[in-house]
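Data block for work-v1.csv (CSV, C-alpha atoms):
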chain,number,residue,atom,x,y,z
A,1,MET,CA,2.0,11.9,25.2
A,2,CYS,CA,2.4,11.5,21.5
A,3,ALA,CA,6.2,11.5,21.8
A,4,LEU,CA,6.1,8.9,24.5
A,5,SER,CA,3.7,6.7,22.6
A,6,ALA,CA,5.8,6.9,19.5
A,7,ALA,CA,9.0,6.1,21.4
A,8,LEU,CA,7.4,3.0,23.0
A,9,LEU,CA,6.1,1.8,19.6
A,10,GLU,CA,9.6,2.1,18.2
A,11,THR,CA,10.8,-0.3,20.9
A,12,GLY,CA,8.2,-2.7,19.5
A,13,GLY,CA,9.9,-2.6,16.1
A,14,LEU,CA,8.0,0.1,14.2
A,15,SER,CA,10.0,2.6,12.1
A,16,PRO,CA,10.0,6.2,13.5
A,17,GLU,CA,7.6,7.2,10.7
A,18,HIS,CA,5.1,4.4,11.4
A,19,ALA,CA,5.4,4.8,15.2
A,20,ARG,CA,4.6,8.5,14.9
A,21,THR,CA,1.6,8.0,12.6
A,22,THR,CA,0.2,5.3,15.0
A,23,ALA,CA,0.8,7.5,18.0
A,24,ASP,CA,-1.0,10.4,16.3
A,25,VAL,CA,-4.1,8.2,15.9
A,26,PHE,CA,-4.0,7.2,19.6
A,27,VAL,CA,-3.5,10.7,20.9
A,28,TRP,CA,-6.2,12.1,18.5
A,29,ALA,CA,-8.7,9.5,20.0
A,30,ALA,CA,-7.6,10.2,23.5
A,31,GLN,CA,-8.0,13.9,23.1
A,32,ARG,CA,-11.6,13.5,21.9
A,33,GLY,CA,-12.4,11.3,24.9
A,34,VAL,CA,-12.4,8.0,23.0
A,35,ASP,CA,-10.1,6.4,25.5
A,36,SER,CA,-10.8,2.9,24.4
A,37,HIS,CA,-8.9,3.7,21.2
A,38,GLY,CA,-6.4,6.1,22.8
A,39,THR,CA,-3.1,5.7,24.6
A,40,ALA,CA,-4.5,2.6,26.3
A,41,ARG,CA,-3.9,0.8,23.0
A,42,VAL,CA,-0.1,1.3,23.2
A,43,PRO,CA,0.5,-1.7,25.5
A,44,ALA,CA,-1.9,-3.8,23.4
A,45,TYR,CA,0.0,-3.0,20.2
A,46,LEU,CA,3.3,-3.8,21.8
A,47,ASP,CA,1.9,-7.2,22.7
A,48,LEU,CA,0.6,-7.7,19.2
A,49,LEU,CA,4.0,-6.8,17.8
A,50,ALA,CA,5.8,-9.0,20.3
A,51,LYS,CA,3.7,-12.0,19.4
A,52,GLY,CA,4.1,-11.4,15.7
A,53,VAL,CA,0.4,-10.8,15.2
A,54,ALA,CA,1.1,-7.3,14.0
A,55,ASN,CA,3.8,-6.8,11.3
A,56,ALA,CA,6.4,-4.2,12.4
A,57,LYS,CA,8.0,-4.1,8.9
A,58,PRO,CA,5.0,-4.1,6.5
A,59,GLU,CA,5.6,-3.9,2.7
A,60,ILE,CA,2.9,-1.5,1.7
A,61,THR,CA,2.3,-1.4,-2.0
A,62,ILE,CA,-0.2,0.4,-4.3
A,63,GLU,CA,-1.8,-2.2,-6.6
A,64,SER,CA,-4.0,0.2,-8.5
A,65,THR,CA,-3.2,3.7,-9.8
A,66,THR,CA,-6.5,4.5,-11.5
A,67,PRO,CA,-7.7,8.0,-10.8
A,68,ALA,CA,-10.3,6.9,-8.2
A,69,ALA,CA,-8.3,4.3,-6.3
A,70,ALA,CA,-4.9,5.6,-5.2
A,71,ALA,CA,-3.8,4.9,-1.7
A,72,GLU,CA,-1.7,7.9,-0.6
A,73,GLU,CA,-3.2,10.5,-2.9
A,74,ALA,CA,-6.9,10.3,-2.2
A,75,VAL,CA,-7.3,14.0,-1.4
A,76,ASN,CA,-5.1,15.2,-4.3
A,77,ARG,CA,-6.9,12.9,-6.8
A,78,ALA,CA,-10.3,13.8,-5.5
A,79,ARG,CA,-9.5,17.4,-6.3
A,80,THR,CA,-8.9,16.3,-9.9
A,81,THR,CA,-11.7,13.8,-10.3
A,82,GLY,CA,-14.2,14.9,-7.7
A,83,ILE,CA,-13.9,11.5,-5.9
A,84,ALA,CA,-11.2,9.1,-4.8
A,85,ALA,CA,-11.4,5.8,-3.0
A,86,VAL,CA,-8.7,4.0,-1.0
A,87,GLY,CA,-9.0,0.3,-0.2
A,88,VAL,CA,-6.8,-1.1,2.5
A,89,ARG,CA,-6.5,-4.8,3.2
A,90,ARG,CA,-5.2,-7.1,5.8
A,91,THR,CA,-4.5,-4.7,8.7
A,92,VAL,CA,-4.5,-5.9,12.3
A,93,HIS,CA,-6.3,-3.0,13.8
A,94,THR,CA,-7.5,0.1,12.0
A,95,GLY,CA,-7.7,2.3,15.2
A,96,ALA,CA,-10.1,5.2,15.4
A,97,ILE,CA,-11.5,5.4,11.9
A,98,GLY,CA,-12.7,8.9,12.6
A,99,TYR,CA,-9.1,10.1,12.6
A,100,TYR,CA,-8.7,9.2,8.9
A,101,VAL,CA,-11.9,10.9,7.7
A,102,SER,CA,-11.1,13.9,9.9
A,103,LYS,CA,-7.8,14.3,8.0
A,104,ILE,CA,-9.8,14.4,4.8
A,105,ALA,CA,-12.1,17.0,6.2
A,106,GLU,CA,-9.2,19.2,7.3
A,107,GLN,CA,-8.4,19.5,3.6
A,108,GLY,CA,-11.9,20.8,2.9
A,109,LEU,CA,-13.2,17.6,1.5
A,110,VAL,CA,-15.8,15.1,2.8
A,111,GLY,CA,-14.4,11.9,4.2
A,112,ILE,CA,-16.3,8.6,4.4
A,113,GLY,CA,-14.8,5.4,5.9
A,114,PHE,CA,-15.9,1.8,6.5
A,115,VAL,CA,-14.1,-1.0,8.3
A,116,ALA,CA,-14.8,-4.7,8.4
A,117,GLY,CA,-13.2,-7.1,10.8
A,118,MET,CA,-13.5,-10.5,12.5
A,119,PRO,CA,-17.1,-11.7,13.3
A,120,ASN,CA,-17.7,-10.8,17.0
A,121,MET,CA,-21.3,-9.6,16.9
A,122,GLY,CA,-24.7,-11.3,16.4
A,123,TYR,CA,-26.7,-11.2,13.2
A,124,THR,CA,-30.4,-11.2,13.3
A,125,GLY,CA,-31.7,-14.7,13.0
A,126,VAL,CA,-28.3,-16.4,13.4
A,127,LYS,CA,-27.1,-18.3,16.4
A,128,GLY,CA,-23.8,-17.1,17.8
A,129,ALA,CA,-21.3,-14.5,16.5
A,130,ALA,CA,-21.8,-14.0,12.8
A,131,VAL,CA,-20.6,-10.5,11.6
A,132,ALA,CA,-18.3,-7.8,12.9
A,133,THR,CA,-19.0,-4.6,14.8
A,134,SER,CA,-17.9,-2.8,11.6
A,135,PRO,CA,-17.7,1.0,12.0
A,136,LEU,CA,-18.7,3.8,9.8
A,137,ALA,CA,-17.3,7.3,9.9
A,138,ILE,CA,-18.2,10.5,8.0
A,139,ALA,CA,-16.5,13.8,8.4
A,140,VAL,CA,-17.8,17.0,6.8
A,141,PRO,CA,-15.8,20.3,6.9
A,142,ALA,CA,-17.3,23.5,8.3
A,143,THR,CA,-16.0,27.0,9.0
A,144,ASP,CA,-18.1,28.5,11.8
A,145,HIS,CA,-18.4,25.2,13.6
A,146,ALA,CA,-16.3,22.2,14.4
A,147,PRO,CA,-16.5,19.7,11.6
A,148,LEU,CA,-19.4,17.2,11.7
A,149,LEU,CA,-17.9,13.8,12.6
A,150,LEU,CA,-20.1,10.8,12.8
A,151,ASP,CA,-18.1,7.8,14.1
A,152,MET,CA,-20.2,4.8,15.0
A,153,ALA,CA,-20.1,1.0,15.1
A,154,THR,CA,-22.9,-1.2,13.8
A,155,ALA,CA,-23.2,-2.6,17.3
A,156,THR,CA,-25.6,-1.4,20.1
A,157,ILE,CA,-22.7,-1.4,22.5
A,158,ALA,CA,-18.9,-1.7,22.2
A,159,LEU,CA,-17.0,-4.8,23.3
A,160,GLY,CA,-15.0,-2.5,25.6
A,161,LYS,CA,-18.2,-1.4,27.3
A,162,ILE,CA,-19.1,-5.0,28.0
A,163,ARG,CA,-15.7,-5.6,29.6
A,164,GLN,CA,-16.1,-2.5,31.7
A,165,ALA,CA,-19.5,-3.6,32.9
A,166,LYS,CA,-18.1,-7.1,33.7
A,167,ALA,CA,-15.4,-5.6,35.8
A,168,SER,CA,-17.8,-3.3,37.7
A,169,GLY,CA,-20.7,-5.7,37.8
A,170,THR,CA,-23.0,-3.1,36.2
A,171,PRO,CA,-26.0,-4.5,34.4
A,172,LEU,CA,-26.1,-4.0,30.6
A,173,PRO,CA,-28.9,-2.3,28.8
A,174,GLU,CA,-31.7,-4.4,27.4
A,175,GLY,CA,-31.0,-5.7,23.9
A,176,ALA,CA,-27.3,-4.6,23.9
A,177,ALA,CA,-25.5,-7.9,24.4
A,178,ALA,CA,-25.9,-11.7,24.2
A,179,THR,CA,-24.4,-14.9,25.5
A,180,GLU,CA,-22.2,-17.1,23.3
A,181,ASP,CA,-25.2,-18.8,21.7
A,182,GLY,CA,-26.9,-15.5,20.9
A,183,THR,CA,-29.3,-15.3,23.8
A,184,PRO,CA,-29.8,-11.6,24.8
A,185,THR,CA,-28.7,-10.9,28.4
A,186,THR,CA,-28.2,-7.9,30.7
A,187,ASP,CA,-25.8,-9.9,32.9
A,188,PRO,CA,-22.3,-8.7,32.0
A,189,ALA,CA,-20.8,-12.0,33.5
A,190,LEU,CA,-22.7,-13.9,30.8
A,191,ALA,CA,-22.4,-11.5,27.9
A,192,THR,CA,-19.8,-12.4,25.3
A,193,MET,CA,-20.8,-10.3,22.3
A,194,PRO,CA,-22.7,-7.2,21.4
A,195,LEU,CA,-25.9,-7.2,19.4
A,196,PRO,CA,-26.4,-5.2,16.2
A,197,LEU,CA,-27.7,-1.7,16.4
A,198,GLY,CA,-31.3,-1.6,15.4
A,199,GLY,CA,-31.5,-5.4,15.0
A,200,ALA,CA,-31.6,-6.3,11.3
A,201,LYS,CA,-30.5,-2.7,10.3
A,202,GLY,CA,-27.2,-3.0,12.2
A,203,SER,CA,-26.4,-6.5,11.1
A,204,GLY,CA,-27.3,-5.6,7.5
A,205,MET,CA,-25.0,-2.6,7.6
A,206,SER,CA,-22.1,-4.8,8.9
A,207,LEU,CA,-22.6,-7.3,6.1
A,208,ALA,CA,-22.7,-4.5,3.5
A,209,PHE,CA,-19.4,-3.1,4.9
A,210,GLU,CA,-17.9,-6.5,4.5
A,211,LEU,CA,-18.8,-6.4,0.8
A,212,LEU,CA,-17.6,-2.8,0.4
A,213,THR,CA,-14.3,-3.4,2.0
A,214,SER,CA,-13.1,-7.1,2.3
A,215,VAL,CA,-14.7,-8.4,-0.8
A,216,LEU,CA,-14.0,-5.3,-2.8
A,217,VAL,CA,-10.3,-5.5,-2.1
A,218,GLY,CA,-10.1,-9.2,-2.6
A,219,ALA,CA,-9.5,-10.2,1.0
A,220,PRO,CA,-12.8,-11.6,2.3
A,221,ILE,CA,-13.2,-12.2,6.0
A,222,PHE,CA,-16.8,-13.3,6.6
A,223,SER,CA,-16.8,-16.3,4.2
A,224,ASP,CA,-13.4,-17.5,5.3
A,225,PHE,CA,-14.3,-17.2,9.0
A,226,HIS,CA,-17.3,-19.4,8.6
A,227,SER,CA,-15.5,-22.0,6.4
A,228,ASP,CA,-13.2,-24.9,7.1
A,229,ASN,CA,-10.2,-22.7,6.0
A,230,PRO,CA,-7.6,-23.0,8.8
A,231,GLN,CA,-6.5,-19.5,8.1
A,232,GLY,CA,-10.0,-18.1,8.2
A,233,ARG,CA,-9.9,-17.1,11.8
A,234,LYS,CA,-6.5,-15.3,11.6
A,235,HIS,CA,-7.2,-11.8,12.9
A,236,ARG,CA,-7.3,-9.1,10.2
A,237,GLN,CA,-9.3,-6.1,9.1
A,238,ASN,CA,-10.0,-4.3,5.8
A,239,ALA,CA,-11.1,-0.7,5.2
A,240,LEU,CA,-12.3,1.7,2.5
A,241,LEU,CA,-11.9,5.4,2.6
A,242,ILE,CA,-13.6,7.8,0.2
A,243,ALA,CA,-12.8,11.5,-0.4
A,244,LEU,CA,-15.4,13.8,-2.0
A,245,ASP,CA,-14.4,17.2,-3.2
A,246,PRO,CA,-17.3,19.7,-2.9
A,247,ALA,CA,-15.8,21.7,-5.7
A,248,ALA,CA,-17.0,19.0,-8.1
A,249,PHE,CA,-20.6,19.3,-6.8
A,250,GLY,CA,-21.3,23.0,-7.2
A,251,GLY,CA,-18.4,24.7,-5.4
A,252,THR,CA,-16.6,24.5,-2.1
A,253,GLU,CA,-17.6,27.8,-0.7
A,254,PRO,CA,-21.3,27.4,-1.2
A,255,PHE,CA,-21.1,23.9,0.3
A,256,ILE,CA,-19.3,25.0,3.4
A,257,GLN,CA,-21.7,27.9,3.9
A,258,SER,CA,-24.6,25.5,3.6
A,259,VAL,CA,-23.0,23.1,6.1
A,260,ASP,CA,-22.6,26.0,8.6
A,261,ALA,CA,-26.2,27.1,8.0
A,262,THR,CA,-27.4,23.6,8.6
A,263,LEU,CA,-25.5,23.1,11.8
A,264,SER,CA,-26.5,26.6,13.0
A,265,THR,CA,-30.2,25.7,12.3
A,266,LEU,CA,-29.9,22.5,14.3
A,267,LYS,CA,-28.4,24.4,17.2
A,268,THR,CA,-31.3,26.8,17.3
A,269,LEU,CA,-34.0,24.1,17.5
A,270,PRO,CA,-35.8,23.9,20.9
A,271,PRO,CA,-34.3,21.2,23.1
A,272,ALA,CA,-36.6,18.5,24.4
A,273,ASP,CA,-37.6,18.4,28.0
A,274,GLY,CA,-34.7,17.1,30.1
A,275,SER,CA,-32.2,17.6,27.3
A,276,HIS,CA,-28.9,19.2,28.1
A,277,GLY,CA,-28.8,20.8,24.6
A,278,VAL,CA,-28.9,20.0,21.0
A,279,PHE,CA,-25.7,18.6,19.5
A,280,TYR,CA,-24.5,17.4,16.2
A,281,PRO,CA,-22.1,14.4,15.8
A,282,GLY,CA,-18.6,15.3,16.7
A,283,GLU,CA,-19.4,18.6,18.5
A,284,ARG,CA,-18.9,17.4,22.0
A,285,SER,CA,-15.8,15.4,21.2
A,286,ALA,CA,-14.3,18.5,19.6
A,287,ALA,CA,-14.9,20.4,22.8
A,288,THR,CA,-13.3,17.6,24.8
A,289,ALA,CA,-10.3,17.7,22.4
A,290,ALA,CA,-9.9,21.4,23.1
A,291,ASP,CA,-10.0,20.9,26.9
A,292,ARG,CA,-7.6,18.0,26.8
A,293,THR,CA,-5.2,19.8,24.4
A,294,ALA,CA,-5.1,22.7,27.0
A,295,GLY,CA,-5.1,20.6,30.2
A,296,GLY,CA,-3.6,17.3,29.2
A,297,ILE,CA,-4.9,13.8,28.5
A,298,PRO,CA,-5.9,11.9,31.7
A,299,VAL,CA,-4.5,8.4,31.9
A,300,VAL,CA,-6.0,5.9,34.3
A,301,PRO,CA,-3.6,4.2,36.8
A,302,LYS,CA,-3.8,0.8,35.2
A,303,VAL,CA,-2.8,2.2,31.8
A,304,TRP,CA,-0.1,4.4,33.3
A,305,LYS,CA,1.4,1.4,35.0
A,306,GLN,CA,1.5,-0.5,31.7
A,307,LEU,CA,3.1,2.4,30.0
A,308,THR,CA,5.8,2.8,32.7
A,309,GLU,CA,6.5,-0.9,32.6
A,310,ALA,CA,6.9,-0.7,28.8
A,311,ALA,CA,9.2,2.4,29.2
A,312,ASP,CA,11.7,0.2,31.2
A,313,ARG,CA,13.0,-0.8,27.8
A,314,GLY,CA,14.9,2.4,27.7
A,315,VAL,CA,12.3,5.1,27.0
A,316,ALA,CA,12.4,8.2,29.1
A,317,LEU,CA,9.1,9.2,30.7
A,318,PRO,CA,7.9,12.9,30.6
A,319,ALA,CA,9.2,14.9,33.5
A,320,THR,CA,5.7,16.1,34.4
A,321,ALA,CA,4.0,12.7,34.0
A,322,GLY,CA,2.4,11.1,37.0
Represent the structure of the file as structure tokens.
Amino acid sequence: MCALSAALLETGGLSPEHARTTADVFVWAAQRGVDSHGTARVPAYLDLLAKGVANAKPEITIESTTPAAAAEEAVNRARTTGIAAVGVRRTVHTGAIGYYVSKIAEQGLVGIGFVAGMPNMGYTGVKGAAVATSPLAIAVPATDHAPLLLDMATATIALGKIRQAKASGTPLPEGAAATEDGTPTTDPALATMPLPLGGAKGSGMSLAFELLTSVLVGAPIFSDFHSDNPQGRKHRQNALLIALDPAAFGGTEPFIQSVDATLSTLKTLPPADGSHGVFYPGERSAATAADRTAGGIPVVPKVWKQLTEAADRGVALPATAG
């Protein structure tokens, strides 16, 4: 599936290297059961590339080479300084942010990531969409367990879930979504945006992530979106990735041992009545990834149809696909 996705993205104008990297993100998400950010995104990206919304030939430059702010050497520099930060600005879609922090954790470091995007979520006390469903991801390496991976949005429910509920006519949970003017609703036909997770807590986190990403890298989104600037509503995102080296905080081995001990302790706690078990963030998605790596990634008929139609551009489909 990775080879197919990469080949299709190349037909959209991406270089082989960029196509492969993007496909890796999609397949990683699909393997972990995050299908909303998986291979279903390939047709959407091809559409963005065809419309010129996404730039197939980006000129990626590093504007700061200070020890704690280097783009492609975050992990290497973190090993030298203990911490490294990477700010990324003006992307179209960041994809599954958990992928990037997981790559940091694979190197034995702690990865932390934030993303800010276009306002599409309510803000406590504001009428209509005000802030973005900005996600946070944290990956912590372990040895005896799958790494801890917290990957969450600041919204109560994802926009994709609202679309799914609209298509199926399934009522939405209380306090999860709102109409265009910000009135909470459980009717998926009326819902146009999600509400922040925990009310003021979720909306406050989203605003903070805007400051930690967009404002920090000199590419504000929130203030432009709510201004008279004609370019203010041009779709874009910004991100910040942080790598922390445990070696700078007392040693890698003691840290990993304590992480394993912490996760093991959690797993031994008595489950609540009716619970199917005690899980830490990322545990079940890691198990899903193992299953799908062995048995393949399921693709719903609608997405497969879109992929096959895109493959008519001259991309060969896998012989066992269907």
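The shortest atom-to-atom distance to Thr81 (chain A), with only C-alpha atoms taken into account, belongs to A:Ala243 out of A:Ala243, A:Leu195, A:Val259, A:Leu49.
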Residue neighbourhood Thr252 (chain A), 12 Å, all atoms listed in the file, exclusion window fewer than 2 positions, as a list in words: Arg79, Gly82, Gln107, Gly108, Leu109, Val110, Val140, Pro141, Ala142, Thr143, Leu244, Asp245, Pro246, Ala247, Ala248, Phe249, Gly250, Pro254, Phe255, Ile256, Gln257, Ser258 and Val259 of chain A
Could you work out how far CA of Thr39 (chain A) lies from CA of Lys305 (chain A), giving the answer in Å with one decimal? 12.1 Å
Excluding Gln31 (chain A) and any residue of its chain fewer than 6 positions from it, enumerate the residues within 9 Å of it, using all atoms listed in the file, and give them as a list in words.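 Here the qualifying residues turn out to be Gly38, Ser285, Ala286, Thr288, Ala289, Ala290, Asp291, Arg292, Thr293, Gly296 and Ile297 of chain A.
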Compare A:His235, A:Arg77, A:His145, A:Arg89 by their minimum atom-to-atom distance to Phe114 (chain A), counting only C-alpha atoms, and give me the closest one.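 Of A:His235, A:Arg77, A:His145, A:Arg89, the one nearest Phe114 (chain A), counting only C-alpha atoms, is A:Arg89.
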When you count all atoms listed in the file, which of these residues is closest to Val278 (chain A): A:Val92, A:Val42, A:Leu263, A:Ala239?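 For Val278 (chain A), the nearest of the candidates is A:Leu263.
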So the first atom is CA of Val88 (chain A) and the second is CA of Ser223 (chain A); what is the distance between them in Å, to one decimal place?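 It comes out at 18.3 Å.
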Leaving out Ala137 (chain A) and any residue of its chain fewer than 5 positions from it, which residues lie within 7 Å of it when counting only C-alpha atoms, given as a list of chain:residue names?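 Contacts, in chain order: A:Ile97, A:Gly98, A:Val101, A:Ile112, A:Gly113, A:Phe114, A:Leu150, A:Asp151, A:Met152.
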Residue selection dump (C-alpha atoms) as a CSV table (one decimal), in the coordinates of the input:
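again_36.csv, written as the output of this step:
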chain,number,residue,atom,x,y,z
A,97,ILE,CA,-11.5,5.4,11.9
A,98,GLY,CA,-12.7,8.9,12.6
A,101,VAL,CA,-11.9,10.9,7.7
A,112,ILE,CA,-16.3,8.6,4.4
A,113,GLY,CA,-14.8,5.4,5.9
A,114,PHE,CA,-15.9,1.8,6.5
A,150,LEU,CA,-20.1,10.8,12.8
A,151,ASP,CA,-18.1,7.8,14.1
A,152,MET,CA,-20.2,4.8,15.0
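All protein and nucleic acid residues in the vicinity of (6.1, 1.8, 11.3), that is within 12 Å when counting only C-alpha atoms, are Ala6, Ala7, Leu8, Leu9, Glu10, Thr11, Gly12, Gly13, Leu14, Ser15, Pro16, Glu17, His18, Ala19, Arg20, Thr21, Thr22, Ala23, Tyr45, Leu49, Ala54, Asn55, Ala56, Lys57, Pro58, Glu59 and Ile60 of chain A.
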Grab the residues selected above and save them as a PDB file, in the frame of the given file with C-alpha atoms.
ATOM      1  CA  ALA A   6       5.800   6.900  19.500  1.00  0.00           C
ATOM      2  CA  ALA A   7       9.000   6.100  21.400  1.00  0.00           C
ATOM      3  CA  LEU A   8       7.400   3.000  23.000  1.00  0.00           C
ATOM      4  CA  LEU A   9       6.100   1.800  19.600  1.00  0.00           C
ATOM      5  CA  GLU A  10       9.600   2.100  18.200  1.00  0.00           C
ATOM      6  CA  THR A  11      10.800  -0.300  20.900  1.00  0.00           C
ATOM      7  CA  GLY A  12       8.200  -2.700  19.500  1.00  0.00           C
ATOM      8  CA  GLY A  13       9.900  -2.600  16.100  1.00  0.00           C
ATOM      9  CA  LEU A  14       8.000   0.100  14.200  1.00  0.00           C
ATOM     10  CA  SER A  15      10.000   2.600  12.100  1.00  0.00           C
ATOM     11  CA  PRO A  16      10.000   6.200  13.500  1.00  0.00           C
ATOM     12  CA  GLU A  17       7.600   7.200  10.700  1.00  0.00           C
ATOM     13  CA  HIS A  18       5.100   4.400  11.400  1.00  0.00           C
ATOM     14  CA  ALA A  19       5.400   4.800  15.200  1.00  0.00           C
ATOM     15  CA  ARG A  20       4.600   8.500  14.900  1.00  0.00           C
ATOM     16  CA  THR A  21       1.600   8.000  12.600  1.00  0.00           C
ATOM     17  CA  THR A  22       0.200   5.300  15.000  1.00  0.00           C
ATOM     18  CA  ALA A  23       0.800   7.500  18.000  1.00  0.00           C
ATOM     19  CA  TYR A  45       0.000  -3.000  20.200  1.00  0.00           C
ATOM     20  CA  LEU A  49       4.000  -6.800  17.800  1.00  0.00           C
ATOM     21  CA  ALA A  54       1.100  -7.300  14.000  1.00  0.00           C
ATOM     22  CA  ASN A  55       3.800  -6.800  11.300  1.00  0.00           C
ATOM     23  CA  ALA A  56       6.400  -4.200  12.400  1.00  0.00           C
ATOM     24  CA  LYS A  57       8.000  -4.100   8.900  1.00  0.00           C
ATOM     25  CA  PRO A  58       5.000  -4.100   6.500  1.00  0.00           C
ATOM     26  CA  GLU A  59       5.600  -3.900   2.700  1.00  0.00           C
ATOM     27  CA  ILE A  60       2.900  -1.500   1.700  1.00  0.00           C
TER      28      ILE A  60
END
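With distances restricted to all atoms listed in the file, A:Tyr280 is the closest residue to Thr262 (chain A) from A:Gln231, A:Leu241, A:Tyr280, A:Lys201.
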Using all atoms listed in the file, the best pick from A:Ala96, A:Ala40, A:Ala85, A:Gly274 as closest to Pro301 (chain A) would be A:Ala40
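Every protein, DNA or RNA residue with an atom at most 12 Å from Thr308 (chain A), where only C-alpha atoms count and chain neighbours fewer than 2 positions away do not, is listed here: A:Leu4, A:Ser5, A:Leu8, A:Val42, A:Pro43, A:Val299, A:Pro301, A:Lys302, A:Val303, A:Trp304, A:Lys305, A:Gln306, A:Ala310, A:Ala311, A:Asp312, A:Arg313, A:Gly314, A:Val315, A:Ala316, A:Leu317, A:Pro318, A:Ala321, A:Gly322.
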What is the distance, in Å and to one decimal place, between CA of Val115 (chain A) and CA of Arg90 (chain A)? 11.1 Å
Neighbour list for region 123-126 of chain A as a ChimeraX atom specification, cut-off 12 Å, all atoms listed in the file, skip fewer than 2 positions in-chain: /A:119-121,128-133,154-155,175,177-178,180-184,193-207
Compare A:Ser102, A:Gln164, A:Thr156, A:Thr192 by their minimum atom-to-atom distance to Ile138 (chain A), counting only C-alpha atoms, and give me the closest one.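 With only C-alpha atoms as the atom set, the closest residue is A:Ser102.
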Between region 56-163 of chain A and region 167-171 of chain A, at 10 Å or less, what are the per-residue closest atom pairs and their distances in Å? Count all atoms listed in the file, order by chain and rising residue number, and return it as a tab-separated table.
residue	atom	partner	partner_atom	distance
A:Lys161	CA	A:Ala167	CA	9.9
A:Ile162	CA	A:Ala167	CA	8.7
A:Arg163	CA	A:Ala167	CA	6.2
